[in-house]
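In what follows, a single structure is set out as structure tokens and then discussed.
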Amino acid sequence: MCTSHDHAQGEAAQAGAGRRGFLRATALLGAAATAGVALPGVAEAAPATAARWRPDADSRRFTLAVMPDTQYLFDGPSIDKAPVEASLRYLLEHGRDENIVFLSHLGDLTQNGAQAEFAAISDAFEILDRRGVGYSVLAGNHDVRSSTDDQRGSTPYLDAFGPRRFKDKPTFGGASPDGYNTFHLFRAAGREWMVLALDWRLSAMGYAWTKDVLARYPRTPVILTTHELVVENDSLSGYGGQLWDQLIADHDQIFLTLNGHYWPAGRATRRNAAGNEVHLHLTNYQNRYFGGAAMIRLYHFDLDRDVIDVETVSPWILGRAAKGLNELERQEIRLSGDADRFSVGIDFEKRFSGFAPVPARPSRPASRMLVPGTVAYWRFDGHDDAAAVSGTVRDLSGRGNDLTLVTVGGGSLTWSADHHPDQPGHGSLEFQGFKSPLKGAYLRTVDGAPLNSATFRSGYTIEAFYRLPADWDPAHHAWAGILGRMGTGGAAGKTADDPDEPLATLSLSNGREPQWAVRPLDQQGIATNWGQETPLETWWHLAVVNDGRHTTLYVEGCPAVRNPKAVAIGLTSVGLPWLLGGYAYADKIDQILHGRLGDVRIVERALPVTSFMNH
């Protein structure tokens, strides 16, 4: 929901990151450098007194960084750690604005697994150690003797990147007894996530340890990293197939795997034993200029949009742009192929529901919804699903604004158990309106209800939940009212604009846009607020808030763009009823809602977003 200062800051950061991402994916960096345009720099090594790493654990946007094979940069006498250091410093420089929570190296840190090679790359990774950045590494076939598995014993790899290195990091979960397999836990989007960093070859003991870790964290989504798995698009290696059969397929927690070893980069998607998709990604650029130049893959998770946006960048080349790039470096900035820059759509809540279901929000007592100034509150729970509505629907505010049923053309109105997930009452009304011939049923306030004459001179907040079905058709269902009052502009002596339009209506256009159209006390004409198109088969929360001078329409707690700046004081009344699910033109019912309507509340003052019913 668009409800907090933190969210606004996050949007601003995302916008900045989007522009940076665009520059990375084009050849404009070289041109920009020539023209004197500012470019993203490479941060200097952090001083010992620099602040500790503090990702935002609650933001629903976060980034996982991935570094594949760096072996050609650490090859015997040919050691150049500058590209790796540039990538690691980049993480420090952009860690806050991109909310980078973790880095995973995919193995083959070195070419020969020699002590001197590991000493050099170990020294580079101290850039992260000094700031407490969470990261994982794993052994590739060039880091250890490739014919061995995780029971191989002591190696220069283990000396440099064994469990001792990570034991004090808050993200370190533990290691297998042999030290070659580790798991790491980080918090992001308000929950715990796991990175499993598995050896080049798992032994039987390695498999047993890994399954035990997963069993100890049964509700934690897992990103599995290993050196070899996907060999090319839609294809696994022989060992990758073994990992799939013996581990991944039967553990629904594993939703994403990352590996290097092969090239070019590729992607595969397979369904596990639970029938859910597992995304398997190969990323490796050692065959490209400068041994891949320590390129990093950035996985930008966005749980609001249910997507992971992926991009690939070489901070080392970016840092050299100001000095002018050579021909091969310019080619490397164009990493925008389908396997290098892409988006993965994942409905995270649905995907994780099998092992970590989100508990449904319980209903809240009506008494909790009666905030000071509440003049009407209608909710529709506590009835048999699909049963017909009859009799009176009580106003739970106690103000006497009860509703009575009106049927047209033999139509009916039924109760439903369906509701918005954040709705206080767990129920709704199902309207079945039709335009021509007019048919359906709606509700109106009883004669003499105090609401009928209310003018709300000091302000108001009107809230409603609604959902339109898949068969909603603008030809038959457009311009039905969610909530409105009878009486026309002409009857009130306000003849500007169409005098037959009602005095107030919260309606849905032929494009499913919510519209609040009213005649304020201080105007002859109609004041209108518009929202954006709202998709079908989705519950929506609307709120119209007037602070005594200005009116703002909110959709899911987010202010709409088409909110007029003109002063609009109160609501004109001629003492006629309010309608739920109906729209009247020239004081005659003209259209009836086709959809479901949840809790509706009217308060005679402006409420902050944090006091809306969906909070």
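Letters A, B, ... go to the chains of the structure tokens in the order shown; residues in each chain start at 1; ligands are counted from 1 in the same order.
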Residue contacts of Gln591 in chain A (9 Å, only C-alpha atoms) excluding same-chain residues fewer than 5 positions away, as a VMD selection string: chain A and resid 433 to 435 438 to 440 476 to 481 581 to 585
Suppose we keep N, CA and C atoms; can you now write the selection as a CSV table (one decimal), in the first residue's frame?
chain,number,residue,atom,x,y,z
A,433,GLY,N,-26.5,-6.6,-11.6
A,433,GLY,CA,-27.2,-5.6,-12.4
A,433,GLY,C,-26.9,-5.8,-13.9
A,434,PHE,N,-27.9,-5.3,-14.7
A,434,PHE,CA,-27.9,-5.4,-16.1
A,434,PHE,C,-28.5,-4.2,-16.7
A,435,LYS,N,-28.0,-3.6,-17.7
A,435,LYS,CA,-28.4,-2.3,-18.2
A,435,LYS,C,-29.7,-2.3,-19.0
A,438,LEU,N,-33.2,-3.1,-17.9
A,438,LEU,CA,-32.7,-2.8,-16.5
A,438,LEU,C,-33.2,-3.9,-15.6
A,439,LYS,N,-32.2,-4.5,-14.9
A,439,LYS,CA,-32.6,-5.6,-14.0
A,439,LYS,C,-31.5,-5.7,-12.9
A,440,GLY,N,-32.0,-6.1,-11.7
A,440,GLY,CA,-31.1,-6.2,-10.6
A,440,GLY,C,-31.7,-5.8,-9.3
A,476,HIS,N,-23.0,-3.4,-20.8
A,476,HIS,CA,-24.2,-3.7,-20.0
A,476,HIS,C,-24.0,-3.2,-18.5
A,477,HIS,N,-22.8,-2.9,-18.1
A,477,HIS,CA,-22.5,-2.7,-16.7
A,477,HIS,C,-21.8,-1.4,-16.3
A,478,ALA,N,-21.4,-0.6,-17.3
A,478,ALA,CA,-20.7,0.6,-17.0
A,478,ALA,C,-21.6,1.6,-16.3
A,479,TRP,N,-20.9,2.5,-15.5
A,479,TRP,CA,-21.5,3.6,-14.9
A,479,TRP,C,-22.5,3.3,-13.8
A,480,ALA,N,-22.4,2.1,-13.3
A,480,ALA,CA,-23.1,1.7,-12.1
A,480,ALA,C,-22.5,2.4,-10.9
A,481,GLY,N,-23.3,2.7,-9.9
A,481,GLY,CA,-22.8,3.3,-8.7
A,481,GLY,C,-22.5,2.3,-7.6
A,581,GLY,N,-24.9,0.4,-4.6
A,581,GLY,CA,-25.1,-0.5,-5.8
A,581,GLY,C,-26.0,0.0,-6.8
A,582,GLY,N,-26.5,1.2,-6.7
A,582,GLY,CA,-27.4,1.8,-7.7
A,582,GLY,C,-26.9,3.2,-8.1
A,583,TYR,N,-27.3,3.6,-9.3
A,583,TYR,CA,-27.0,4.9,-9.8
A,583,TYR,C,-28.3,5.5,-10.4
A,584,ALA,N,-28.7,6.7,-10.0
A,584,ALA,CA,-29.9,7.3,-10.4
A,584,ALA,C,-29.6,8.5,-11.3
A,585,TYR,N,-30.4,8.6,-12.4
A,585,TYR,CA,-30.3,9.8,-13.3
A,585,TYR,C,-31.7,10.4,-13.4
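The residue that comes closest to Phe355 in chain A, out of A:Tyr217, A:Phe380, A:Phe74, A:Trp539 and on the basis of only C-alpha atoms, is A:Tyr217.
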Considering only C-alpha atoms, return as a ChimeraX atom specification whatever protein or nucleic-acid residues lie within 7 Å of range 282-296 of chain A, sequence-local ones (same chain, fewer than 6 positions apart) excluded. /A:65-70,72-73,83-84,87,230,258-267,312-314,316,328
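Our summary of the geometry notes that CA of Ile317 in chain A is positioned 20.6 Å from CA of Asp97 in chain A.
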All helix (DSSP H, G or I) positions in range 252-496 of chain A, as a compact mmCIF listing (two decimals) with C-alpha atoms, in the first residue's frame:
# COMPACT_ATOMS: atom_id res chain seq x y z
CA TYR A 289 36.69 -9.78 -22.49
CA PHE A 290 39.10 -9.72 -19.55
CA GLY A 291 37.83 -13.03 -18.23
CA GLY A 292 34.39 -11.56 -17.65
CA PRO A 315 31.56 -2.13 -12.40
CA TRP A 316 35.20 -2.32 -13.41
CA ILE A 317 34.38 -1.31 -16.99
CA LEU A 318 31.92 1.33 -15.79
CA GLY A 319 34.63 2.79 -13.59
CA ARG A 320 36.96 3.06 -16.59
CA ALA A 321 34.39 4.82 -18.77
CA ALA A 322 35.52 8.33 -17.78
CA LYS A 323 38.99 7.57 -19.15
CA GLU A 327 36.65 -1.42 -28.42
CA LEU A 328 36.10 -4.63 -26.46
CA GLU A 329 35.05 -2.80 -23.30
CA ARG A 330 32.40 -0.93 -25.27
CA GLN A 331 31.01 -4.24 -26.47
CA GLU A 332 30.76 -5.53 -22.92
CA PHE A 348 5.60 -14.99 -4.30
CA GLU A 349 2.70 -15.49 -1.93
CA LYS A 350 1.20 -18.24 -4.08
CA ARG A 351 4.58 -19.84 -4.83
CA PHE A 352 5.51 -20.03 -1.14
CA ALA A 366 -17.49 -3.83 14.02
CA SER A 367 -16.87 -1.87 17.23
CA ARG A 368 -13.23 -1.34 16.21
CA MET A 369 -14.33 0.29 12.97
CA PRO A 450 -30.01 11.18 9.29
CA LEU A 451 -27.56 10.54 6.47
CA ASN A 452 -30.09 11.70 3.90
CA SER A 453 -29.83 15.34 5.00
CA PRO A 474 -19.01 -2.07 -20.29
CA ALA A 475 -21.92 -2.34 -22.73
CA HIS A 476 -24.17 -3.68 -19.95
CA HIS A 477 -22.51 -2.74 -16.67
I want to know what sits within 10 Å of Gln246 in chain A, based on only C-alpha atoms, with residues of the same chain fewer than 6 positions away left out; could you give that as a VMD selection string? chain A and resid 207 211 240
Next, the residues of the selection above should be written as a PDB file, in the first residue's frame with N, CA, C and O atoms.
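Writing the result to part-v1.pdb gives the following:
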ATOM      1  N   TYR A 207      24.603 -34.496   0.894  1.00  0.00           N
ATOM      2  CA  TYR A 207      23.159 -34.515   0.656  1.00  0.00           C
ATOM      3  C   TYR A 207      22.397 -34.601   1.975  1.00  0.00           C
ATOM      4  O   TYR A 207      21.398 -33.901   2.181  1.00  0.00           O
ATOM      5  N   LYS A 211      19.720 -31.765   3.369  1.00  0.00           N
ATOM      6  CA  LYS A 211      18.315 -32.077   3.660  1.00  0.00           C
ATOM      7  C   LYS A 211      17.978 -31.783   5.112  1.00  0.00           C
ATOM      8  O   LYS A 211      16.858 -31.350   5.422  1.00  0.00           O
ATOM      9  N   GLY A 240      23.885 -31.953 -12.735  1.00  0.00           N
ATOM     10  CA  GLY A 240      22.729 -31.108 -12.469  1.00  0.00           C
ATOM     11  C   GLY A 240      21.449 -31.917 -12.379  1.00  0.00           C
ATOM     12  O   GLY A 240      20.587 -31.667 -11.528  1.00  0.00           O
TER      13      GLY A 240
END
So which residues of range 71-311 of chain A fall under strand (DSSP E or B) by DSSP, listed as a ChimeraX atom specification? /A:74-75,78-79,100-105,135-136,172-175,182-188,191-197,222-225,230-232,235-236,254-259,266-271,277-282,296-302,307-311
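Among A:His184, A:Arg485, A:Arg549, A:Arg512, the residue with the shortest atom-to-atom distance to Ser573 in chain A, counting only C-alpha atoms, is A:Arg485.
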